[in-house]
Amino acid sequence: MQAPELDRLRLALLEGGVAPRFVERTILELREHYLDIAAAALDSGRSPDEAGELARAALGSERSIAAAVLAEPALLSFDRRWPRSARWLRAAAFYLVLPAVPVVYCTQHGGTIVRWGASVSLGMMITSALLFLLQSFIA
Amino acid sequence: MVQTNPPFMSGVPELLILRLLAHREMYGYEIVKAVRVVTAEAISLGEGVIYPVLHGLEKNGALKAKRKTVNGRTRVYYSLTTKGQRRFDRLSGEWGRVSSGIQSALGVSEHASP
């Protein structure tokens with residue numbers, strides 16, 4: 001027997017600001033719960049269709065489950081619970097990380113920067129030598 | 001239609017869940033079944049809405065969750081933490097006071113009624 005995907009519930013929870021890890025856990029547990037109820041119904045002699053209907057009815061509608069999850073403030077994501085703090089933290093993190101970006105870039109692309117520096121230096125030396133020669137000829 | 005409990009039962013699911021998990025770790029379906037058994041079917045938790053209660057308790061540090069694969073099925077087992085045990089002790093004390101208060105009020109009204 002296949003458990004329902006509960007995509008509408010997943011979407012409603014994510015849109016409602018529930019932390020993604022709790023969304024996935026809720027979906028996983030509800031699907032397993034559905035299979036448990038259906039298995040018990042099949043064992044008691046019900047047909048697969050009846051077992052599925054019974055499981056769906058026992059779990060309740062996706063809307064009522066979504067309402068129960070959204071009523072639990074501890075399950076909301078940090079952004080949703082503390083929007084102002086989240087904005088400030090993001091801005092602070094941005095300004096802290098910004099000066100480190102060139103350093104990180106240089107350490108990660110050291111070889112490229114050395115090659116670029118060497119080729120630019122070589123080019124400058126060749127250009128200087130040519131200009132010097134031209135100046136000598138003109139003089 | 002599945003029969004669940006009226007609004008005055010608020011807080012009872014939490015108390016029952018903490019009580020059951022004090023004995024051994026369980027997953028959601030087991031908890032729902034156990035609640036029916038220990039309350040002699042007097043209390044039936046909404047099966048789909050037990051998970052927000054469990055997750056809320058976990059987020060508050062009263063429960064600890066652990067994933068296990070059993071016979072190809074993924075189970076999330078919940079167990080009580082020390083904080084959860086303290087919470088249970090407090091809630092059960094409060095429930096005892098409320099329940100004895102209601103009992104005595106009902107007794108008084110029975111005696112007072114003509």
# chains A, B, ... in the order shown; residues from 1 in each chain; ligands from 1
>>> interface_residues(of="chain A", to="chain B", cutoff="6 Å", atoms="only C-alpha atoms", output="PyMOL selection string")
chain A and resi 33+58-60+65+68-69+74
>>> write_last_selection(atoms="C-alpha atoms", output="short mmCIF file (atom, residue, chain, number, x, y, z; two decimals), in the first residue's frame")
data_model
loop_
_atom_site.label_atom_id
_atom_site.label_comp_id
_atom_site.auth_asym_id
_atom_site.auth_seq_id
_atom_site.Cartn_x
_atom_site.Cartn_y
_atom_site.Cartn_z
CA HIS A 33 1.43 6.50 10.61
CA ALA A 58 -8.01 8.71 11.34
CA LEU A 59 -5.19 11.08 10.43
CA GLY A 60 -7.57 13.94 9.71
CA ILE A 65 -3.03 19.00 10.54
CA ALA A 68 -2.28 22.23 14.43
CA VAL A 69 1.35 22.52 13.30
CA ALA A 74 8.17 26.50 18.67
#
>>> residues_around(residues="Arg56 of chain A", least_positions_apart="4", cutoff="9 Å", atoms="only C-alpha atoms", output="mmCIF file with C-alpha atoms, in the first residue's frame")
data_model
loop_
_atom_site.group_PDB
_atom_site.id
_atom_site.type_symbol
_atom_site.label_atom_id
_atom_site.label_comp_id
_atom_site.auth_asym_id
_atom_site.auth_seq_id
_atom_site.Cartn_x
_atom_site.Cartn_y
_atom_site.Cartn_z
ATOM 1 C CA PRO A 4 -0.167 9.693 0.255
ATOM 2 C CA TYR A 34 -0.892 6.130 7.609
ATOM 3 C CA ILE A 37 -3.251 2.319 10.418
ATOM 4 C CA ALA A 38 -3.819 0.811 6.980
ATOM 5 C CA ALA A 51 -8.084 0.469 4.880
ATOM 6 C CA GLY A 52 -6.906 3.538 2.942
ATOM 7 C CA GLY A 60 -7.574 13.940 9.710
ATOM 8 C CA SER A 61 -7.597 16.436 6.875
#
>>> select_by_dssp(residues="chain A", states="helix (DSSP H, G or I)", output="ChimeraX atom specification")
/A:7-15,20-43,48-59,62-70,73-75,78-81,83-97,100-108,110-138
>>> residues_around(residues="segment 21-24 of chain B", least_positions_apart="4", cutoff="7 Å", atoms="only C-alpha atoms", output="list of chain:residue names")
B:Ile17, B:Ser79, B:Leu80
>>> residues_around(residues="Met1 of chain A", least_positions_apart="6", cutoff="12 Å", atoms="only C-alpha atoms", output="PyMOL selection string")
chain A and resi 31-32+34-39+41-42+47-52+55
>>> write_last_selection(atoms="C-alpha atoms", output="tab-separated table (two decimals), in the first residue's frame")
chain	number	residue	atom	x	y	z
A	31	ARG	CA	3.12	8.76	6.04
A	32	GLU	CA	4.44	6.04	8.33
A	34	TYR	CA	-0.89	6.13	7.61
A	35	LEU	CA	0.80	2.85	6.67
A	36	ASP	CA	0.48	1.58	10.27
A	37	ILE	CA	-3.25	2.32	10.42
A	38	ALA	CA	-3.82	0.81	6.98
A	39	ALA	CA	-1.81	-2.33	7.89
A	41	ALA	CA	-7.08	-2.39	9.08
A	42	LEU	CA	-5.93	-4.92	6.47
A	47	SER	CA	-10.25	-4.34	1.88
A	48	PRO	CA	-7.32	-2.15	0.71
A	49	ASP	CA	-9.74	0.65	-0.28
A	50	GLU	CA	-11.45	0.59	3.12
A	51	ALA	CA	-8.08	0.47	4.88
A	52	GLY	CA	-6.91	3.54	2.94
A	55	ALA	CA	-6.27	5.68	7.57
>>> atom_distance(atom1="atom CA of Glu62 of chain A", atom2="atom CA of Thr26 of chain A")
11.5 Å
>>> atom_distance(atom1="atom CA of Arg87 of chain B", atom2="atom CA of Ala62 of chain B")
7.2 Å
>>> atom_distance(atom1="atom CA of Leu131 of chain A", atom2="atom CA of Ser119 of chain A")
18.2 Å
